[in-house]
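> run27.cif (mmCIF, C-alpha atoms) pasted underneath:
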data_upload
#
loop_
_atom_site.label_atom_id
_atom_site.label_comp_id
_atom_site.auth_asym_id
_atom_site.auth_seq_id
_atom_site.Cartn_x
_atom_site.Cartn_y
_atom_site.Cartn_z
CA MET A 1127 -63.63 -116.91 -111.66
CA THR A 1128 -66.65 -116.46 -109.39
CA LYS A 1129 -65.65 -116.30 -105.73
CA GLN A 1130 -67.58 -118.13 -103.04
CA ILE A 1131 -68.84 -116.04 -100.11
CA HIS A 1132 -67.83 -116.98 -96.56
CA LEU A 1133 -70.28 -116.25 -93.75
CA ALA A 1134 -69.97 -116.30 -89.97
CA ALA A 1135 -72.38 -115.48 -87.15
CA HIS A 1136 -71.43 -113.34 -84.15
CA PHE A 1137 -73.26 -113.55 -80.83
CA PRO A 1138 -72.78 -109.92 -79.80
CA GLY A 1139 -73.85 -109.85 -76.16
CA VAL A 1140 -75.28 -106.66 -74.71
CA ASN A 1141 -73.86 -103.44 -76.12
CA ASN A 1142 -75.25 -100.67 -78.25
CA THR A 1143 -75.38 -103.02 -81.24
CA THR A 1144 -77.94 -105.18 -79.45
CA VAL A 1145 -81.43 -103.78 -78.89
CA TRP A 1146 -81.82 -105.60 -75.58
CA SER A 1147 -85.04 -103.71 -74.75
CA ASP A 1148 -86.88 -105.12 -77.78
CA PRO A 1149 -89.68 -107.55 -76.78
CA GLU A 1150 -88.11 -110.15 -79.08
CA SER A 1151 -84.75 -109.93 -77.33
CA GLY A 1152 -83.92 -112.99 -75.23
CA SER A 1153 -81.39 -113.84 -72.56
CA GLN A 1154 -77.74 -113.03 -73.19
CA ILE A 1155 -76.46 -115.80 -70.91
CA ASP A 1156 -78.97 -118.64 -71.15
CA PHE A 1157 -77.60 -121.55 -73.19
CA ALA A 1158 -80.83 -121.70 -75.19
CA SER A 1159 -79.92 -118.34 -76.77
CA PHE A 1160 -76.49 -119.54 -77.87
CA LYS A 1161 -78.04 -122.77 -79.17
CA HIS A 1162 -80.71 -120.99 -81.22
CA LEU A 1163 -78.26 -118.66 -82.94
CA ALA A 1164 -75.75 -121.46 -83.60
CA GLU A 1165 -78.43 -123.76 -85.02
CA THR A 1166 -79.68 -120.95 -87.26
CA ALA A 1167 -76.14 -120.39 -88.56
CA GLU A 1168 -75.69 -124.10 -89.23
CA ARG A 1169 -79.05 -124.25 -91.01
CA GLY A 1170 -77.68 -121.46 -93.19
CA THR A 1171 -74.44 -123.47 -93.79
CA PHE A 1172 -72.32 -120.68 -92.29
CA ASP A 1173 -68.60 -121.30 -91.86
CA PHE A 1174 -68.49 -120.57 -88.15
CA PHE A 1175 -70.13 -119.16 -85.01
CA PHE A 1176 -68.08 -116.56 -83.12
CA LEU A 1177 -68.04 -115.50 -79.48
CA ALA A 1178 -66.15 -112.37 -78.47
CA GLU A 1179 -65.04 -111.95 -74.90
CA GLY A 1180 -63.61 -109.19 -72.72
CA LEU A 1181 -61.80 -109.62 -69.42
CA TRP A 1182 -63.46 -106.67 -67.75
CA LEU A 1183 -66.75 -104.91 -67.17
CA ARG A 1184 -66.60 -101.44 -68.65
CA GLU A 1185 -66.90 -98.55 -66.23
CA VAL A 1186 -68.11 -95.01 -66.68
CA LYS A 1187 -67.08 -92.70 -63.85
CA GLY A 1188 -66.60 -95.72 -61.58
CA ARG A 1189 -69.93 -97.39 -62.36
CA ILE A 1190 -70.46 -100.51 -64.47
CA HIS A 1191 -71.61 -99.59 -67.95
CA ASP A 1192 -75.33 -100.23 -68.27
CA LEU A 1193 -74.87 -102.20 -71.50
CA ASP A 1194 -72.34 -104.75 -70.26
CA VAL A 1195 -73.26 -108.29 -69.30
CA VAL A 1196 -72.85 -109.39 -65.71
CA GLY A 1197 -72.42 -113.16 -65.65
CA ARG A 1198 -71.59 -113.74 -69.33
CA PRO A 1199 -70.30 -117.34 -69.60
CA GLU A 1200 -66.72 -118.09 -70.64
CA SER A 1201 -66.54 -118.58 -74.41
CA LEU A 1202 -64.70 -121.89 -74.76
CA THR A 1203 -67.07 -123.49 -72.25
CA VAL A 1204 -70.10 -122.34 -74.25
CA LEU A 1205 -68.57 -123.51 -77.52
CA SER A 1206 -67.77 -126.92 -76.04
CA ALA A 1207 -71.47 -127.27 -75.20
CA LEU A 1208 -72.42 -126.13 -78.71
CA ALA A 1209 -70.13 -128.80 -80.17
CA ALA A 1210 -72.62 -131.36 -78.87
CA VAL A 1211 -75.65 -129.81 -80.60
CA THR A 1212 -74.04 -128.93 -83.97
CA THR A 1213 -72.34 -131.16 -86.52
CA HIS A 1214 -70.53 -128.94 -89.07
CA LEU A 1215 -70.52 -125.34 -87.84
CA GLY A 1216 -67.12 -123.93 -86.92
CA LEU A 1217 -66.74 -122.70 -83.32
CA ALA A 1218 -64.58 -119.61 -82.79
CA ALA A 1219 -63.64 -117.96 -79.49
CA THR A 1220 -61.73 -114.86 -78.49
CA VAL A 1221 -59.02 -115.85 -76.01
CA ASN A 1222 -56.54 -113.30 -74.71
CA SER A 1223 -52.82 -113.89 -75.31
CA THR A 1224 -51.69 -111.28 -72.76
CA PHE A 1225 -53.14 -112.99 -69.70
CA ASN A 1226 -53.00 -116.67 -70.71
CA GLU A 1227 -50.02 -119.00 -70.96
CA PRO A 1228 -49.25 -120.80 -74.26
CA TYR A 1229 -49.56 -124.33 -72.81
CA GLU A 1230 -53.04 -123.72 -71.40
CA LEU A 1231 -54.10 -121.90 -74.57
CA ALA A 1232 -52.96 -124.83 -76.69
CA LYS A 1233 -54.66 -127.39 -74.46
CA ARG A 1234 -58.02 -125.59 -74.14
CA LEU A 1235 -58.27 -124.87 -77.86
CA SER A 1236 -57.09 -128.33 -78.85
CA THR A 1237 -59.69 -129.82 -76.50
CA LEU A 1238 -62.45 -127.91 -78.30
CA ASP A 1239 -61.00 -129.03 -81.63
CA GLN A 1240 -61.04 -132.66 -80.50
CA LEU A 1241 -64.56 -132.47 -79.06
CA SER A 1242 -65.92 -130.86 -82.24
CA ARG A 1243 -63.90 -133.12 -84.59
CA GLY A 1244 -61.95 -130.27 -86.15
CA ARG A 1245 -64.17 -127.21 -85.95
CA ALA A 1246 -62.32 -124.92 -83.50
CA ALA A 1247 -60.88 -121.44 -84.11
CA TRP A 1248 -58.93 -119.00 -81.93
CA ASN A 1249 -59.33 -115.25 -82.26
CA VAL A 1250 -55.98 -114.00 -80.92
CA VAL A 1251 -56.32 -110.72 -79.02
CA THR A 1252 -54.15 -108.66 -76.67
CA SER A 1253 -55.02 -106.39 -73.74
CA TRP A 1254 -54.02 -102.77 -73.97
CA ASP A 1255 -54.79 -101.22 -70.56
CA ALA A 1256 -53.90 -101.45 -66.89
CA PHE A 1257 -57.63 -101.50 -65.99
CA THR A 1258 -57.89 -105.02 -67.42
CA GLY A 1259 -54.61 -106.04 -65.84
CA GLU A 1260 -55.98 -105.34 -62.37
CA ASN A 1261 -58.05 -108.54 -62.68
CA PHE A 1262 -54.84 -110.61 -62.77
CA ARG A 1263 -52.11 -111.44 -60.31
CA ARG A 1264 -49.30 -109.73 -62.18
CA GLY A 1265 -51.41 -106.66 -62.89
CA GLY A 1266 -50.29 -103.84 -65.13
CA TYR A 1267 -50.23 -104.05 -68.90
CA LEU A 1268 -47.80 -104.33 -71.79
CA ASP A 1269 -46.78 -101.53 -74.11
CA LYS A 1270 -48.26 -101.86 -77.59
CA ALA A 1271 -45.03 -103.19 -79.14
CA ASP A 1272 -44.51 -105.71 -76.33
CA ARG A 1273 -48.05 -107.07 -76.46
CA TYR A 1274 -47.66 -107.95 -80.13
CA VAL A 1275 -44.30 -109.59 -79.40
CA ARG A 1276 -45.97 -111.65 -76.67
CA ALA A 1277 -48.89 -112.48 -78.97
CA GLN A 1278 -46.55 -113.62 -81.74
CA GLU A 1279 -44.56 -115.73 -79.28
CA SER A 1280 -47.73 -117.20 -77.80
CA LEU A 1281 -49.07 -118.16 -81.20
CA ARG A 1282 -45.74 -119.59 -82.32
CA ILE A 1283 -45.49 -121.76 -79.19
CA VAL A 1284 -49.14 -122.82 -79.34
CA ARG A 1285 -48.68 -123.98 -82.93
CA GLN A 1286 -45.45 -125.75 -81.94
CA LEU A 1287 -47.40 -127.67 -79.31
CA TRP A 1288 -50.16 -128.55 -81.76
CA ASP A 1289 -47.56 -129.66 -84.30
CA SER A 1290 -45.61 -131.70 -81.76
CA TRP A 1291 -47.90 -134.60 -82.65
CA SER A 1292 -48.22 -136.03 -86.14
CA GLN A 1293 -51.31 -137.84 -87.33
CA ASP A 1294 -49.82 -141.30 -86.74
CA ASP A 1295 -48.07 -140.64 -83.39
CA LEU A 1296 -50.94 -142.05 -81.33
CA VAL A 1297 -51.07 -145.80 -81.71
CA LEU A 1298 -54.36 -147.49 -80.80
CA ASP A 1299 -53.87 -151.23 -80.53
CA GLN A 1300 -56.41 -153.14 -78.46
CA ALA A 1301 -53.97 -156.01 -77.95
CA ALA A 1302 -50.84 -153.99 -77.18
CA GLY A 1303 -52.55 -151.01 -75.58
CA VAL A 1304 -52.53 -147.29 -76.34
CA PHE A 1305 -49.15 -145.63 -76.64
CA ALA A 1306 -47.43 -142.64 -78.26
CA ARG A 1307 -44.45 -142.92 -80.55
CA GLU A 1308 -41.09 -141.74 -79.22
CA GLY A 1309 -40.76 -137.96 -79.30
CA ALA A 1310 -44.48 -137.30 -79.73
CA GLY A 1311 -45.59 -134.13 -77.97
CA VAL A 1312 -42.07 -132.97 -77.01
CA PHE A 1313 -41.49 -129.20 -77.23
CA ALA A 1314 -39.02 -126.50 -76.21
CA ASP A 1315 -39.10 -122.76 -76.85
CA GLU A 1316 -37.23 -119.72 -75.60
CA GLY A 1317 -38.10 -116.11 -76.38
CA ALA A 1318 -38.51 -112.64 -74.89
CA HIS A 1319 -41.59 -113.65 -72.88
CA PHE A 1320 -41.40 -117.45 -72.53
CA ASP A 1321 -38.83 -120.14 -71.82
CA ILE A 1322 -40.60 -123.50 -71.67
CA THR A 1323 -39.93 -127.19 -72.26
CA GLY A 1324 -42.20 -130.17 -71.84
CA ARG A 1325 -44.51 -132.60 -73.54
CA PHE A 1326 -47.92 -131.70 -74.91
CA GLY A 1327 -50.66 -134.07 -73.83
CA LEU A 1328 -53.20 -133.98 -76.68
CA PRO A 1329 -52.76 -135.63 -80.10
CA ARG A 1330 -53.33 -133.86 -83.38
CA SER A 1331 -56.91 -132.89 -84.23
CA PRO A 1332 -58.80 -133.85 -87.41
CA GLN A 1333 -58.07 -130.45 -89.00
CA GLY A 1334 -54.41 -130.39 -87.92
CA ASN A 1335 -54.50 -127.04 -86.13
CA PRO A 1336 -57.44 -124.91 -85.02
CA VAL A 1337 -58.04 -121.95 -87.35
CA VAL A 1338 -56.35 -118.72 -86.19
CA ILE A 1339 -58.22 -115.41 -86.42
CA GLN A 1340 -56.82 -111.92 -85.85
CA ALA A 1341 -58.50 -108.54 -85.72
CA GLY A 1342 -55.74 -105.92 -85.64
CA ASP A 1343 -56.17 -102.88 -87.87
CA SER A 1344 -52.87 -101.12 -87.14
CA ASP A 1345 -49.90 -101.57 -89.44
CA GLN A 1346 -48.40 -103.98 -86.88
CA GLY A 1347 -51.71 -105.84 -86.59
CA ARG A 1348 -52.02 -106.21 -90.36
CA ASP A 1349 -48.51 -107.65 -90.55
CA PHE A 1350 -49.33 -110.03 -87.70
CA ALA A 1351 -52.34 -111.29 -89.63
CA ALA A 1352 -50.45 -111.55 -92.92
CA GLN A 1353 -47.74 -113.61 -91.26
CA SER A 1354 -49.78 -115.79 -88.91
CA ALA A 1355 -53.58 -115.72 -89.31
CA ASP A 1356 -56.05 -117.73 -91.37
CA VAL A 1357 -58.83 -115.16 -91.05
CA ILE A 1358 -58.70 -111.44 -90.29
CA PHE A 1359 -61.70 -109.55 -88.95
CA SER A 1360 -62.14 -106.05 -90.32
CA ARG A 1361 -64.17 -103.01 -89.35
CA HIS A 1362 -64.12 -101.71 -92.93
CA GLY A 1363 -67.73 -102.33 -93.92
CA THR A 1364 -68.04 -99.77 -96.74
CA PHE A 1365 -67.12 -100.82 -100.26
CA GLU A 1366 -64.27 -98.34 -100.84
CA ALA A 1367 -62.68 -98.79 -97.41
CA GLY A 1368 -63.05 -102.55 -97.78
CA GLN A 1369 -61.24 -102.59 -101.12
CA THR A 1370 -58.37 -100.50 -99.70
CA PHE A 1371 -57.98 -102.74 -96.65
CA TYR A 1372 -58.29 -105.91 -98.75
CA LYS A 1373 -55.60 -104.82 -101.21
CA ASP A 1374 -53.22 -103.73 -98.45
CA VAL A 1375 -53.47 -106.91 -96.35
CA LYS A 1376 -53.40 -109.30 -99.31
CA SER A 1377 -50.28 -107.55 -100.68
CA ARG A 1378 -48.40 -108.35 -97.45
CA LEU A 1379 -48.87 -112.12 -97.72
CA SER A 1380 -46.10 -112.68 -100.27
CA ARG A 1381 -43.54 -111.34 -97.76
CA TYR A 1382 -44.21 -114.46 -95.70
CA GLY A 1383 -44.41 -116.92 -98.58
CA ARG A 1384 -48.21 -117.13 -98.46
CA SER A 1385 -50.83 -117.04 -101.21
CA GLU A 1386 -53.81 -114.68 -101.25
CA GLU A 1387 -56.16 -117.62 -100.70
CA SER A 1388 -54.47 -118.50 -97.39
CA LEU A 1389 -56.01 -115.54 -95.51
CA LYS A 1390 -59.74 -114.74 -95.56
CA ILE A 1391 -60.79 -111.13 -94.92
CA MET A 1392 -64.18 -110.96 -93.19
CA PRO A 1393 -65.53 -107.57 -92.02
CA ALA A 1394 -68.18 -107.40 -89.33
CA VAL A 1395 -71.48 -106.24 -90.85
CA THR A 1396 -75.08 -105.61 -89.87
CA VAL A 1397 -78.01 -106.48 -92.12
CA VAL A 1398 -81.59 -105.20 -92.21
CA VAL A 1399 -83.96 -107.11 -94.48
CA ALA A 1400 -87.58 -106.28 -95.33
CA ASP A 1401 -90.03 -106.90 -98.18
CA ASN A 1402 -88.77 -103.89 -100.13
CA ASP A 1403 -85.97 -101.32 -99.95
CA ALA A 1404 -88.10 -98.49 -98.58
CA GLU A 1405 -89.48 -100.64 -95.76
CA ALA A 1406 -85.95 -101.85 -94.94
CA ALA A 1407 -84.64 -98.27 -94.79
CA GLU A 1408 -87.40 -97.29 -92.36
CA LYS A 1409 -86.73 -100.39 -90.27
CA ALA A 1410 -83.01 -99.58 -90.19
CA ARG A 1411 -83.72 -96.03 -89.03
CA PHE A 1412 -85.89 -97.35 -86.22
CA ILE A 1413 -83.20 -99.83 -85.14
CA ARG A 1414 -80.54 -97.11 -85.03
CA GLU A 1415 -82.75 -95.02 -82.78
CA GLN A 1416 -83.28 -97.97 -80.43
CA GLN A 1417 -79.56 -98.76 -80.32
CA VAL A 1418 -78.60 -95.33 -79.03
CA SER A 1419 -80.63 -94.20 -76.04
CA GLY A 1420 -79.99 -90.80 -74.46
CA PRO A 1421 -77.68 -92.25 -71.75
CA THR A 1422 -75.83 -94.32 -74.33
CA ALA A 1423 -75.28 -91.23 -76.50
CA ILE A 1424 -73.76 -89.45 -73.50
CA VAL A 1425 -71.45 -92.40 -72.75
CA LEU A 1426 -70.23 -92.61 -76.34
CA ALA A 1427 -69.69 -88.86 -76.45
CA GLU A 1428 -67.74 -89.01 -73.16
CA LEU A 1429 -65.46 -91.61 -74.72
CA LEU A 1430 -64.67 -89.14 -77.51
CA TRP A 1431 -64.53 -85.93 -75.46
CA GLY A 1432 -62.78 -87.49 -72.45
CA ARG A 1433 -64.99 -85.44 -70.14
CA ASP A 1434 -67.92 -85.95 -67.79
CA LEU A 1435 -70.89 -84.92 -69.94
CA SER A 1436 -73.66 -86.09 -67.59
CA SER A 1437 -74.99 -82.53 -67.28
CA TYR A 1438 -75.64 -82.36 -71.02
CA ASP A 1439 -79.02 -82.96 -72.62
CA PRO A 1440 -78.58 -85.74 -75.24
CA ASP A 1441 -81.32 -84.08 -77.29
CA GLY A 1442 -79.49 -80.75 -77.13
CA PRO A 1443 -76.39 -79.44 -78.93
CA LEU A 1444 -72.93 -80.99 -78.89
CA PRO A 1445 -70.53 -79.99 -76.05
CA ALA A 1446 -68.73 -76.72 -76.63
CA GLU A 1447 -65.57 -77.76 -74.74
CA ASP A 1448 -62.49 -79.17 -76.43
CA PRO A 1449 -61.80 -82.90 -76.01
CA VAL A 1450 -59.29 -84.12 -73.41
CA VAL A 1451 -56.64 -86.47 -74.81
CA GLY A 1452 -55.81 -89.54 -72.69
CA SER A 1453 -58.69 -89.15 -70.24
CA GLY A 1454 -59.79 -92.11 -68.12
CA VAL A 1455 -63.42 -91.08 -67.70
CA THR A 1456 -64.44 -94.32 -69.43
CA GLN A 1457 -62.50 -97.50 -68.60
CA GLY A 1458 -62.52 -100.79 -70.45
CA ARG A 1459 -63.20 -99.25 -73.87
CA VAL A 1460 -60.61 -98.41 -76.48
CA GLY A 1461 -60.14 -94.64 -76.59
CA TYR A 1462 -58.97 -92.27 -79.31
CA ASN A 1463 -55.33 -91.32 -79.81
CA ASP A 1464 -56.35 -87.86 -81.00
CA PRO A 1465 -60.10 -87.17 -80.85
CA THR A 1466 -59.79 -83.54 -82.06
CA PRO A 1467 -60.40 -84.15 -85.80
CA ILE A 1468 -63.27 -86.54 -85.04
CA VAL A 1469 -64.93 -83.98 -82.78
CA ALA A 1470 -64.52 -81.40 -85.56
CA GLU A 1471 -66.22 -83.76 -88.03
CA TRP A 1472 -69.09 -84.42 -85.60
CA ARG A 1473 -69.60 -80.68 -85.16
CA ALA A 1474 -69.58 -80.07 -88.91
CA GLN A 1475 -72.14 -82.83 -89.51
CA ALA A 1476 -74.35 -81.63 -86.66
CA ALA A 1477 -74.30 -78.07 -87.98
CA ALA A 1478 -75.01 -79.14 -91.55
CA HIS A 1479 -78.00 -81.35 -90.62
CA GLY A 1480 -79.28 -79.65 -87.48
CA TRP A 1481 -78.59 -82.77 -85.42
CA SER A 1482 -78.72 -83.01 -81.65
CA LEU A 1483 -75.98 -84.82 -79.72
CA ARG A 1484 -77.95 -88.07 -79.79
CA GLU A 1485 -78.82 -87.73 -83.48
CA THR A 1486 -75.14 -87.12 -84.24
CA VAL A 1487 -74.09 -90.26 -82.38
CA ILE A 1488 -76.80 -92.27 -84.14
CA ASN A 1489 -75.65 -91.15 -87.55
CA GLN A 1490 -71.92 -91.42 -86.87
CA GLN A 1491 -71.86 -94.72 -84.98
CA ASN A 1492 -74.66 -96.98 -86.17
CA ARG A 1493 -75.13 -97.24 -89.89
CA GLN A 1494 -76.20 -100.70 -90.98
CA THR A 1495 -73.99 -102.15 -93.69
CA PHE A 1496 -76.55 -103.89 -95.90
CA VAL A 1497 -80.13 -102.62 -95.99
CA GLY A 1498 -82.88 -103.59 -98.41
CA SER A 1499 -85.00 -106.36 -99.83
CA PRO A 1500 -83.50 -109.86 -99.82
CA SER A 1501 -82.48 -109.43 -103.45
CA THR A 1502 -80.87 -106.03 -102.80
CA VAL A 1503 -78.89 -107.38 -99.85
CA ALA A 1504 -77.77 -110.51 -101.73
CA ASP A 1505 -76.61 -108.43 -104.71
CA ALA A 1506 -74.72 -105.95 -102.51
CA MET A 1507 -72.93 -108.66 -100.52
CA ASN A 1508 -71.96 -110.50 -103.69
CA HIS A 1509 -70.68 -107.25 -105.24
CA HIS A 1510 -68.38 -106.66 -102.25
CA VAL A 1511 -66.89 -110.14 -102.53
CA GLN A 1512 -66.53 -110.33 -106.33
CA GLU A 1513 -64.88 -106.88 -106.43
CA ASP A 1514 -62.36 -107.73 -103.69
CA ALA A 1515 -63.73 -105.66 -100.84
CA ALA A 1516 -64.04 -108.82 -98.70
CA ASP A 1517 -63.92 -112.61 -98.82
CA GLY A 1518 -67.05 -112.82 -96.70
CA PHE A 1519 -68.77 -111.34 -93.67
CA VAL A 1520 -69.27 -111.79 -89.95
CA LEU A 1521 -72.96 -111.01 -89.37
CA VAL A 1522 -73.72 -109.12 -86.14
CA PRO A 1523 -77.48 -109.24 -85.46
CA HIS A 1524 -79.22 -106.50 -83.49
CA LEU A 1525 -81.41 -109.08 -81.73
CA THR A 1526 -80.46 -112.15 -79.72
CA PRO A 1527 -81.15 -114.96 -80.38
CA GLY A 1528 -83.43 -114.61 -83.43
CA GLY A 1529 -81.59 -111.86 -85.28
CA LEU A 1530 -80.31 -114.08 -88.10
CA ASP A 1531 -83.57 -115.89 -88.86
CA ALA A 1532 -84.72 -113.55 -91.64
CA PHE A 1533 -81.29 -113.47 -93.28
CA VAL A 1534 -80.99 -117.26 -93.33
CA ASP A 1535 -84.56 -117.74 -94.55
CA GLN A 1536 -84.61 -114.97 -97.18
CA VAL A 1537 -81.09 -113.98 -98.27
CA VAL A 1538 -79.14 -117.24 -98.11
CA PRO A 1539 -81.40 -118.97 -100.70
CA LEU A 1540 -80.72 -116.10 -103.13
CA LEU A 1541 -76.96 -116.36 -102.63
CA ARG A 1542 -77.26 -120.06 -103.38
CA ASP A 1543 -79.31 -119.34 -106.50
CA ARG A 1544 -76.55 -116.98 -107.67
CA GLY A 1545 -74.01 -119.79 -107.28
CA VAL A 1546 -71.87 -117.91 -104.77
CA PHE A 1547 -72.72 -119.77 -101.56
CA ARG A 1548 -72.87 -123.46 -100.68
CA SER A 1549 -76.18 -125.34 -100.49
CA SER A 1550 -74.71 -127.91 -98.13
CA TYR A 1551 -71.46 -128.56 -96.31
CA THR A 1552 -68.94 -130.42 -98.46
CA GLY A 1553 -66.40 -131.01 -95.70
CA THR A 1554 -66.39 -131.71 -91.99
CA THR A 1555 -63.78 -129.31 -90.56
CA LEU A 1556 -63.67 -125.53 -90.34
CA ARG A 1557 -60.62 -125.54 -92.60
CA ASP A 1558 -62.71 -127.38 -95.17
CA HIS A 1559 -65.41 -124.69 -94.99
CA LEU A 1560 -62.87 -121.86 -95.38
CA GLY A 1561 -60.87 -123.60 -98.11
CA LEU A 1562 -57.68 -123.55 -96.01
CA PRO A 1563 -54.88 -126.14 -95.96
CA GLY A 1564 -54.76 -128.54 -92.99
#
For the structure just supplied, provide its representation as structure tokens.

Amino acid sequence: MTKQIHLAAHFPGVNNTTVWSDPESGSQIDFASFKHLAETAERGTFDFFFLAEGLWLREVKGRIHDLDVVGRPESLTVLSALAAVTTHLGLAATVNSTFNEPYELAKRLSTLDQLSRGRAAWNVVTSWDAFTGENFRRGGYLDKADRYVRAQESLRIVRQLWDSWSQDDLVLDQAAGVFAREGAGVFADEGAHFDITGRFGLPRSPQGNPVVIQAGDSDQGRDFAAQSADVIFSRHGTFEAGQTFYKDVKSRLSRYGRSEESLKIMPAVTVVVADNDAEAAEKARFIREQQVSGPTAIVLAELLWGRDLSSYDPDGPLPAEDPVVGSGVTQGRVGYNDPTPIVAEWRAQAAAHGWSLRETVINQQNRQTFVGSPSTVADAMNHHVQEDAADGFVLVPHLTPGGLDAFVDQVVPLLRDRGVFRSSYTGTTLRDHLGLPG
């Protein structure tokens, strides 16, 4: 049976994915940018539009990282505004479970779901470091095991609140008034992190519950997704790695009484499209070079080496020193548990190809996933989905806000011609788009 491809659009913000210095790059915080990208995704009948969000500004040796956004709007607020200018597109936000309480999570996400008539999604994330915790009253951070326990509890309680209303609990009678049936909205839960009772104030949304997304790649994270998520984001963009991840995660679903269709696996990918494959390859090479400036190469190398490498020439050789495990030279970015084998691989690749430090970073960090003519890209994406390397893709453009225009105009029509992607929306909620139960 031919599988249908699921597509989502990611507004990446400023980082070394985004070529913010390109003349075609627009504002990262102006609503017009969010609107353009969302409207492009809806024109392409994508499933949803996704906003990531961090709770910190990354620092390098005490200074704000030059590729972070100062003043980036809060995601749910932006998506609530986008709900007014879109009609079908799903609206997904990253909201942290470590530093938010279940009741407020449930209410904010349910509000977006009500405003959008059933198009909301929650990407459940945790915070792993004390640096982020300093922004909050209780400070500190949770150990890895504890943060997943808290996340599971948070999600369980949030869903309990959403499910505390049934579809017919809110009675709308113009003569008798508006009232809720007895017991509607009542909840109580006690666990390791929460002990709460009360009554939830928002009725059930048109899609029942907002869609739940998870992005963990660890064994614990994969189990979390298999037990609780509707969509899992993946970093496994290559075909072989994608198939391995897909098989592993899908095999876990039966432990929780779930079918393979109940969880969609959607890796983040980048796409470069041009008139022919050779032109696309040259364009991709140029983009990679723009994504990694000399200073950015040094920052990314410092993250791996755990050392101050500011004295190094990015166009010179790799550092000769050994990496430092557990260094805090870069804060607000996920580090490496053991960088030694990765450093060894970088050195081997640099020696084999004669690469400088910057060239090594470019080639190790920024390879576009799908590169070629529209037909080449459409065929490759379809191959990944039909051969169970993914259920679909989250597209991460290198330009904001026009980075998806070429894909929607040139590749989407070919996917439709191949019968693997919708020509129009057939439902009104995000669960409809993803083929998930309500």
> Just want the 9 Å neighbourhood of region 1131-1135 of chain A, counted on only C-alpha atoms, with same-chain residues fewer than 5 positions away dropped. Output as a ChimeraX atom specification.
/A:1163-1164,1167,1171-1177,1216,1390,1392,1507-1508,1511-1512,1516-1523,1530,1541,1546-1548,1559-1560
> Considering all atoms listed in the file, return as a list in words whatever protein or nucleic-acid residues lie within 7 Å of Ala1341 (chain A), sequence-local ones (same chain, fewer than 6 positions apart) excluded.
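That gives Ile1358, Phe1359 and Ser1360 of chain A.
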> Keeping only C-alpha atoms, write those residues as a PDB file, in the frame of the given file.

ATOM      1  CA  ILE A1358     -58.700-111.440 -90.290  1.00  0.00           C
ATOM      2  CA  PHE A1359     -61.700-109.550 -88.950  1.00  0.00           C
ATOM      3  CA  SER A1360     -62.140-106.050 -90.320  1.00  0.00           C
TER       4      SER A1360
END
> What does the structure give for the distance between CA of Leu1281 (chain A) and CA of Glu1316 (chain A), in Å to one decimal?
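Between these atoms lies a distance of 13.2 Å.
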> May I ask which of the residues A:Ile1339, A:Arg1234, A:Ser1151, A:Asp1315 is the closest one to Thr1220 (chain A), counting all atoms listed in the file?
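For Thr1220 (chain A), the nearest of the given residues is A:Ile1339.
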> Would you list the residues near (-66.7, -85.6, -71.1), meaning any protein, DNA or RNA residue with an atom at most 12 Å from that point in file coordinates, counting only C-alpha atoms, as a ChimeraX atom specification?
/A:1186-1187,1423-1438,1444-1456,1465,1469
> Mind giving me the straight-line distance from CA of Tyr1372 (chain A) to CA of Asp1505 (chain A) in Å, one decimal?
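Rounded to one decimal, the two atoms are 19.4 Å apart.
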> Between CA of Gly1139 (chain A) and CA of Pro1527 (chain A), what is the spacing in Å?
9.9 Å
> Using all atoms listed in the file, tabulate the residues of region 1393-1419 of chain A lying at most 7 Å from any atom of region 1482-1502 of chain A, each with its closest atom pair and that distance in Å to one decimal, by chain and increasing residue number, as a tab-separated table.

residue	atom	partner	partner_atom	distance
A:Val1395	CA	A:Thr1495	CA	5.6
A:Thr1396	CA	A:Gln1494	CA	5.2
A:Val1397	CA	A:Phe1496	CA	4.8
A:Val1398	CA	A:Val1497	CA	4.8
A:Val1399	CA	A:Gly1498	CA	5.4
A:Ala1400	CA	A:Ser1499	CA	5.2
A:Asp1401	CA	A:Ser1499	CA	5.3
A:Asn1402	CA	A:Ser1499	CA	4.5
A:Asp1403	CA	A:Gly1498	CA	4.1
A:Ala1406	CA	A:Gly1498	CA	4.9
A:Ala1407	CA	A:Val1497	CA	6.4
A:Ala1410	CA	A:Gln1494	CA	6.9
A:Arg1414	CA	A:Asn1492	CA	6.0
A:Glu1415	CA	A:Ile1488	CA	6.7
A:Val1418	CA	A:Ile1488	CA	6.2
> Residues near region 1224-1233 of chain A, anyone? I mean within 7 Å using all atoms listed in the file, not counting same-chain ones fewer than 4 positions away, as a ChimeraX atom specification.
/A:1237,1252-1253,1273,1276-1277,1280,1283-1284,1287-1288
> So, with all atoms listed in the file as the atoms that count, which of A:Pro1199, A:Ser1380, A:Thr1526, A:Ile1190 lies closest to Glu1150 (chain A)?
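Among A:Pro1199, A:Ser1380, A:Thr1526, A:Ile1190, it is A:Thr1526 that comes nearest to Glu1150 (chain A).
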> Quick one: of A:Gly1528, A:Gly1347, A:Pro1440, A:Pro1336, who's nearest to Gly1564 (chain A), counting all atoms listed in the file?
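Checking each of A:Gly1528, A:Gly1347, A:Pro1440, A:Pro1336 against Gly1564 (chain A), counting all atoms listed in the file, the winner is A:Pro1336.
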